[in-house]
Each structure stands twice: as structure tokens, then as C-alpha cells.
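Structure data (compact mmCIF, C-alpha atoms) from coords.txt:
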# COMPACT_ATOMS: atom_id res chain seq x y z
CA MET G 1 -28.85 -89.26 176.82
CA LYS G 2 -31.02 -86.16 177.39
CA CYS G 3 -33.41 -84.97 174.71
CA LYS G 4 -32.51 -81.64 173.08
CA ASN G 5 -36.20 -80.75 172.89
CA CYS G 6 -37.67 -81.63 176.31
CA ASN G 7 -34.43 -82.21 178.28
CA GLN G 8 -35.69 -85.57 179.59
CA SER G 9 -33.48 -88.66 179.86
CA SER G 10 -35.74 -90.84 177.74
CA CYS G 11 -33.77 -91.21 174.48
CA ILE G 12 -32.82 -94.33 172.59
CA LYS G 13 -30.66 -94.90 169.52
CA LYS G 14 -32.62 -94.99 166.27
CA GLY G 15 -30.57 -95.58 163.14
CA LYS G 16 -27.98 -93.42 161.41
CA ARG G 17 -28.00 -90.67 158.78
CA ASN G 18 -24.86 -89.93 156.76
CA GLY G 19 -22.90 -91.91 159.32
CA GLU G 20 -24.22 -89.86 162.26
CA GLN G 21 -26.09 -91.61 165.06
CA ARG G 22 -29.72 -90.50 165.46
CA TYR G 23 -31.72 -90.59 168.69
CA TYR G 24 -35.43 -90.84 169.47
CA CYS G 25 -37.09 -89.39 172.57
CA LYS G 26 -39.88 -91.55 174.01
CA ASN G 27 -41.21 -88.60 175.98
CA CYS G 28 -41.76 -85.97 173.25
CA GLN G 29 -41.38 -88.28 170.21
CA CYS G 30 -38.65 -86.06 168.75
CA SER G 31 -35.76 -87.38 166.62
CA PHE G 32 -32.39 -85.63 166.58
CA GLN G 33 -28.62 -85.92 166.10
CA LEU G 34 -25.82 -84.68 168.32
CA LYS G 35 -24.07 -83.07 165.32
CA TYR G 36 -25.46 -81.83 162.02
CA THR G 37 -23.56 -81.16 158.81
CA TYR G 38 -26.09 -78.55 157.61
CA LYS G 39 -25.44 -75.23 159.36
CA ALA G 40 -29.14 -74.39 159.73
CA TYR G 41 -29.42 -76.99 162.49
CA ASN G 42 -26.80 -75.32 164.70
CA SER G 43 -28.25 -74.04 167.97
CA ASN G 44 -27.01 -70.46 167.40
CA THR G 45 -28.25 -70.11 163.80
CA ASN G 46 -31.49 -68.28 164.66
CA GLU G 47 -29.68 -65.82 166.91
CA LEU G 48 -27.08 -65.18 164.18
CA ILE G 49 -29.82 -64.56 161.59
CA ARG G 50 -31.57 -62.19 164.01
CA SER G 51 -28.36 -60.19 164.57
CA LEU G 52 -27.50 -59.98 160.87
CA LEU G 53 -31.03 -58.83 159.99
CA LYS G 54 -30.60 -55.93 162.41
CA GLU G 55 -27.19 -54.95 161.03
CA GLY G 56 -28.07 -54.21 157.42
CA CYS G 57 -27.56 -57.65 155.85
CA GLY G 58 -29.96 -58.80 153.14
CA ILE G 59 -31.37 -62.30 152.80
CA ARG G 60 -28.77 -63.45 150.25
CA SER G 61 -25.95 -61.89 152.27
CA ILE G 62 -27.06 -63.84 155.34
CA SER G 63 -27.33 -66.96 153.19
CA ARG G 64 -23.68 -66.58 152.14
CA ILE G 65 -22.41 -65.69 155.63
CA VAL G 66 -24.20 -68.49 157.50
CA ASN G 67 -23.80 -70.93 154.58
CA ILE G 68 -27.45 -71.92 154.35
CA SER G 69 -30.01 -71.47 151.57
CA SER G 70 -31.89 -68.19 151.11
CA LYS G 71 -35.22 -70.06 151.40
CA THR G 72 -34.13 -71.33 154.81
CA VAL G 73 -33.25 -67.77 155.87
CA LEU G 74 -36.74 -66.58 154.83
CA SER G 75 -38.47 -69.43 156.68
CA ARG G 76 -36.38 -68.74 159.80
CA LEU G 77 -37.22 -65.03 159.49
CA LEU G 78 -40.91 -65.88 159.73
CA ARG G 79 -40.36 -68.40 162.52
CA ILE G 80 -38.39 -65.92 164.63
CA SER G 81 -40.94 -63.14 164.09
CA ASN G 82 -43.86 -65.44 165.04
CA GLN G 83 -42.25 -65.89 168.46
CA ILE G 84 -42.17 -62.11 169.01
CA LYS G 85 -45.19 -60.29 170.40
CA SER G 86 -45.70 -56.55 170.58
CA PRO G 87 -44.65 -55.47 174.10
CA TYR G 88 -47.47 -54.43 176.38
CA PHE G 89 -47.12 -50.67 176.95
CA ASN G 90 -49.27 -49.38 179.82
CA LYS G 91 -47.55 -46.16 180.91
CA LEU G 92 -50.11 -43.35 180.91
CA GLY G 93 -49.68 -39.65 180.17
CA CYS G 94 -46.77 -39.98 177.71
CA LYS G 95 -45.95 -38.02 174.56
CA PHE G 96 -45.81 -39.81 171.20
CA GLU G 97 -44.56 -39.16 167.69
CA VAL G 98 -46.20 -40.70 164.62
CA ASP G 99 -44.70 -40.79 161.13
CA GLU G 100 -44.72 -42.70 157.84
CA MET G 101 -41.98 -43.86 155.48
CA TRP G 102 -42.36 -45.27 151.97
CA THR G 103 -40.99 -48.48 150.54
CA TYR G 104 -41.78 -51.04 147.82
CA ILE G 105 -43.37 -54.48 147.81
CA ASN G 106 -42.94 -57.00 144.98
CA ASN G 107 -41.69 -54.39 142.46
CA LYS G 108 -40.52 -50.79 142.45
CA ASP G 109 -43.77 -49.53 140.95
CA ASN G 110 -45.76 -50.82 143.91
CA PHE G 111 -45.41 -48.21 146.67
CA THR G 112 -46.48 -48.91 150.24
CA TRP G 113 -46.07 -47.14 153.57
CA ILE G 114 -44.84 -48.07 157.03
CA THR G 115 -46.66 -46.02 159.69
CA TYR G 116 -45.56 -46.35 163.31
CA ALA G 117 -45.57 -44.55 166.65
CA ILE G 118 -42.82 -44.11 169.24
CA GLU G 119 -42.87 -42.92 172.84
CA ARG G 120 -40.99 -39.63 172.74
CA GLU G 121 -38.73 -40.06 175.78
CA THR G 122 -37.65 -43.71 175.43
CA LYS G 123 -38.12 -44.03 171.62
CA HIS G 124 -39.95 -47.30 172.30
CA VAL G 125 -42.02 -48.39 169.27
CA ILE G 126 -45.64 -48.76 170.38
CA ASP G 127 -47.03 -50.30 167.20
CA PHE G 128 -46.81 -50.18 163.39
CA PHE G 129 -48.64 -51.24 160.27
CA VAL G 130 -47.74 -51.68 156.61
CA GLY G 131 -50.21 -50.34 154.07
CA SER G 132 -51.63 -47.25 152.41
CA LYS G 133 -51.92 -43.90 154.22
CA SER G 134 -55.67 -43.94 154.78
CA LYS G 135 -57.83 -42.99 157.75
CA GLU G 136 -59.00 -46.59 158.07
CA ASN G 137 -55.42 -47.85 158.43
CA ILE G 138 -54.12 -45.07 160.68
CA LYS G 139 -57.12 -44.86 163.02
CA PRO G 140 -56.41 -48.08 165.05
CA LEU G 141 -52.85 -46.87 165.73
CA ILE G 142 -54.06 -43.42 166.88
CA ASN G 143 -56.80 -44.99 169.04
CA LYS G 144 -54.18 -47.14 170.75
CA LEU G 145 -52.25 -43.99 171.69
CA LEU G 146 -55.38 -42.17 172.88
CA LEU G 147 -56.23 -45.07 175.20
CA LEU G 148 -52.92 -44.40 176.97
CA GLN G 149 -54.23 -40.95 177.98
CA THR G 150 -51.52 -39.24 175.97
CA THR G 151 -50.72 -35.61 176.70
CA LYS G 152 -49.34 -34.89 173.19
CA ILE G 153 -49.20 -36.61 169.81
CA TYR G 154 -46.72 -35.05 167.38
CA THR G 155 -47.13 -35.60 163.64
CA ASP G 156 -46.11 -34.05 160.34
CA ARG G 157 -48.54 -32.00 158.25
CA LEU G 158 -50.31 -34.95 156.65
CA ASN G 159 -53.98 -33.93 156.37
CA ILE G 160 -55.26 -37.32 157.59
CA TYR G 161 -54.23 -36.72 161.22
CA PRO G 162 -56.39 -33.70 162.29
CA PRO G 163 -59.75 -35.57 162.00
CA LEU G 164 -58.33 -38.50 164.01
CA ILE G 165 -56.51 -36.70 166.85
CA PRO G 166 -58.23 -34.25 169.25
CA LYS G 167 -56.94 -30.69 168.88
CA GLU G 168 -55.91 -30.39 172.54
CA VAL G 169 -53.30 -33.18 172.22
CA HIS G 170 -52.32 -32.81 168.56
CA LYS G 171 -49.15 -30.84 167.71
CA ARG G 172 -47.83 -30.13 164.20
CA PHE G 173 -44.84 -27.94 163.47
CA GLN G 174 -41.49 -28.12 161.69
CA TYR G 175 -39.28 -29.80 164.28
CA CYS G 176 -41.81 -31.76 166.35
CA THR G 177 -40.99 -35.16 164.79
CA ASN G 178 -37.19 -35.01 164.97
CA ARG G 179 -36.87 -38.22 167.00
CA ILE G 180 -38.99 -40.38 164.75
CA GLU G 181 -37.38 -38.90 161.63
CA ARG G 182 -34.03 -40.03 163.08
CA MET G 183 -35.58 -43.46 163.62
CA ASN G 184 -36.53 -43.48 159.93
CA LEU G 185 -32.86 -42.97 159.08
CA ASN G 186 -31.93 -45.88 161.37
CA LEU G 187 -34.44 -48.10 159.59
CA ARG G 188 -33.04 -47.16 156.17
CA THR G 189 -29.51 -47.88 157.43
CA HIS G 190 -30.09 -51.10 159.39
CA ILE G 191 -32.74 -52.85 157.27
CA LYS G 192 -31.42 -53.73 153.83
CA ARG G 193 -34.85 -54.04 152.21
CA LEU G 194 -35.57 -50.39 153.09
CA SER G 195 -32.36 -48.93 151.62
CA ARG G 196 -32.93 -46.34 148.89
CA LYS G 197 -31.39 -46.46 145.42
CA THR G 198 -30.51 -50.16 145.66
CA ILE G 199 -31.91 -53.34 144.14
CA CYS G 200 -33.21 -54.41 147.58
CA PHE G 201 -36.92 -54.50 148.38
CA SER G 202 -39.47 -56.89 149.88
CA LYS G 203 -41.08 -59.46 147.62
CA ASN G 204 -43.96 -59.99 150.05
CA LYS G 205 -45.62 -57.93 152.78
CA ILE G 206 -45.30 -60.71 155.37
CA TYR G 207 -41.49 -60.65 155.14
CA LEU G 208 -41.38 -56.87 155.58
CA GLU G 209 -43.65 -57.07 158.65
CA ALA G 210 -41.60 -59.94 160.08
CA HIS G 211 -38.34 -58.02 159.60
CA LEU G 212 -39.79 -54.93 161.29
CA LYS G 213 -40.99 -56.98 164.28
CA ILE G 214 -37.50 -58.40 164.74
CA TYR G 215 -35.89 -54.95 164.46
CA PHE G 216 -38.34 -53.20 166.79
CA TRP G 217 -38.88 -55.88 169.44
CA GLY G 218 -36.66 -58.87 168.73
Kindly return the structure encoded in the file as C-alpha cells.
Amino acid sequence: MKCKNCNQSSCIKKGKRNGEQRYYCKNCQCSFQLKYTYKAYNSNTNELIRSLLKEGCGIRSISRIVNISSKTVLSRLLRISNQIKSPYFNKLGCKFEVDEMWTYINNKDNFTWITYAIERETKHVIDFFVGSKSKENIKPLINKLLLLQTTKIYTDRLNIYPPLIPKEVHKRFQYCTNRIERMNLNLRTHIKRLSRKTICFSKNKIYLEAHLKIYFWG
């Protein structure tokens, strides 16, 4: 018997649970069963949750579809996002678009903003943050773009950007952020917690950030 965790042939039988034989691995000290009655233990559960999160399903919808509890879906959401790291982008001389979109956290009187940057040609998301539209919050994102020796940074007419972006690379006019505005529409469509005029919103900032990581880079 090979261990499901370390794939070593060092397993022995160790009791039963609900009539199912359990095994113990001497190598990694992991206990497991060959079959589980609770769906959350299926090997494809995380991948299914990841796909449903990207296709506009809310937490309770996923809970009903996969037949697991909503608390398990939330814990798996965090676990999946913790395994995702922001891709290392090192291409120099690119053009970027930066924009913000509003949403709620905890209740619909508590506004917050998602600010992010995309590479104009590939629409690759460079980085994002969730929080108020302040110079202190936006500056690290802009600095990250400037380190890539950008040729142009396109933004809307928000008055925070001019002090942060050098005039020679900063562009602001009516249609300069078309690509990222279209990305905003994709986010509203594909992430249930960002849909307008619904009862859906994030109860905690960490779940919103985790969901965005999975959508952008997962």
C-alpha cells in the first residue's frame, strides 16, 4: 500500500472508521482511507471549488453543488489561495493600465476599493490591493510598475495619480483604460461577491483577497 501523501510503500492498517479501513504511513506519519463518504476529501474537490469560484458561483452555491458545508468551502478558499503566489513579471518597457473598482466588506455601508494594474498587451494582472484610494495604498503598486521601466501608465482622471507617476509616462484621456474597464466587467460577471444589486458581498477582507488571487493567478 502506497501512502497518498508521500507515495512511499510504508503503510500499515490502523483501525476502521464507519466500516472503512484506515491506514497509517510510517514514513510521513499520515493517516488516511482509500474512500471517504464526505465529499470534501475527494481528490478533485479543490480543483472543482477553484473552477466554480471563477465561474460566478457564490460560497453557498458551491456548497450545494459539491455537497459540502459552506465553512469547508471558505477554509478551502483560503487554503487554495495560500498556495498561489503573485507571478514574477520581469519584462521591461511595457505599457500598463491602472484602475479601481468599488465593492463592500461586511455590510453594504462599508465601501472599499480594489485597485490593480494590468499589462496592456497581454492583460496580465501585475498586482492588486484591497483598501481605500489613498496615496499611501496606491504608491507601492505604482512603484512596482516604475521599476519595470514602463514606457506608459494609463489611468483615469483620479487626482491621486499625477503626484505618483512621472509626467513623461503618465497618460490620462477618455479611452485610455478600455482594456482594464473591460476587465472590471469580467470581475463583476465572474466573481459573485462583486456582482452589483445582489445580496452577495464579502464578509471579510481576507476572503475577497483570496478570491481575487484565485481568479487572477489560480
**Request:** Determine, counting all atoms listed in the file, which protein, DNA and RNA residues have an atom within 10 Å of an atom of region 111-119 of chain G; residues of the same chain fewer than 2 positions away are not included. Present the result as a ChimeraX atom specification.
**Result:** /G:89,91,94-109,121-133,137-138,141-142,144-145,150,153-155,179-180,183-184,205,208-209,212
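When all atoms listed in the file are used to compute distances to Leu74 (chain G), the closest of the residues G:Tyr161, G:Phe173, G:Tyr207, G:Phe216 turns out to be G:Tyr207.
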**Asked** What is the distance, in Å and to one decimal place, between CA of Leu158 (chain G) and CA of Asn186 (chain G)?
**Response** 21.9 Å
**Asked** Which distance in Å separates CA of Thr72 (chain G) and CA of Gln8 (chain G), to one decimal?
**Response**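 So the answer is 28.6 Å.
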**Distance query Cys3 (chain G) at most 12 Å, only C-alpha atoms, self and fewer than 2 positions along chain excluded, as a ChimeraX atom specification** = /G:1,5-13,22-34
**Prompt:** In Å, with one decimal, what is the gap from CA of Ile65 (chain G) to CA of His211 (chain G)?
**Reply:** 18.1 Å
Output file: region 59-79 of chain G, N, CA and C atoms, as a compact mmCIF listing (two decimals), in the first residue's frame:
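Contents of decode.txt, as written:
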# COMPACT_ATOMS: atom_id res chain seq x y z
N ILE G 59 -20.36 31.18 -2.45
CA ILE G 59 -19.95 30.17 -1.48
C ILE G 59 -21.06 29.16 -1.21
N ARG G 60 -22.29 29.63 -1.00
CA ARG G 60 -23.39 28.72 -0.71
C ARG G 60 -23.79 27.91 -1.94
N SER G 61 -23.64 28.51 -3.12
CA SER G 61 -23.91 27.74 -4.36
C SER G 61 -22.92 26.60 -4.49
N ILE G 62 -21.64 26.87 -4.24
CA ILE G 62 -20.63 25.82 -4.31
C ILE G 62 -20.90 24.76 -3.26
N SER G 63 -21.33 25.19 -2.07
CA SER G 63 -21.66 24.25 -1.01
C SER G 63 -22.75 23.27 -1.45
N ARG G 64 -23.76 23.79 -2.14
CA ARG G 64 -24.85 22.93 -2.61
C ARG G 64 -24.41 22.02 -3.76
N ILE G 65 -23.60 22.55 -4.68
CA ILE G 65 -23.18 21.78 -5.85
C ILE G 65 -22.24 20.64 -5.45
N VAL G 66 -21.26 20.96 -4.61
CA VAL G 66 -20.25 19.97 -4.22
C VAL G 66 -20.73 19.09 -3.07
N ASN G 67 -21.79 19.55 -2.40
CA ASN G 67 -22.38 18.81 -1.27
C ASN G 67 -21.43 18.77 -0.07
N ILE G 68 -20.86 19.92 0.24
CA ILE G 68 -20.05 20.09 1.45
C ILE G 68 -20.50 21.36 2.15
N SER G 69 -20.07 21.57 3.39
CA SER G 69 -20.55 22.73 4.14
C SER G 69 -19.92 24.02 3.62
N SER G 70 -20.61 25.13 3.84
CA SER G 70 -20.10 26.43 3.40
C SER G 70 -18.83 26.82 4.16
N LYS G 71 -18.70 26.40 5.42
CA LYS G 71 -17.48 26.68 6.18
C LYS G 71 -16.29 25.95 5.57
N THR G 72 -16.53 24.73 5.08
CA THR G 72 -15.46 23.98 4.42
C THR G 72 -15.05 24.68 3.13
N VAL G 73 -16.02 25.20 2.39
CA VAL G 73 -15.71 25.93 1.15
C VAL G 73 -14.83 27.14 1.47
N LEU G 74 -15.16 27.89 2.51
CA LEU G 74 -14.38 29.07 2.89
C LEU G 74 -12.95 28.69 3.31
N SER G 75 -12.84 27.60 4.09
CA SER G 75 -11.50 27.18 4.52
C SER G 75 -10.67 26.70 3.33
N ARG G 76 -11.31 26.01 2.38
CA ARG G 76 -10.59 25.57 1.18
C ARG G 76 -10.22 26.76 0.30
N LEU G 77 -11.09 27.78 0.26
CA LEU G 77 -10.78 29.00 -0.48
C LEU G 77 -9.47 29.62 0.01
N LEU G 78 -9.32 29.70 1.33
CA LEU G 78 -8.09 30.25 1.90
C LEU G 78 -6.90 29.34 1.65
N ARG G 79 -7.12 28.03 1.76
CA ARG G 79 -6.02 27.08 1.55
C ARG G 79 -5.51 27.13 0.12
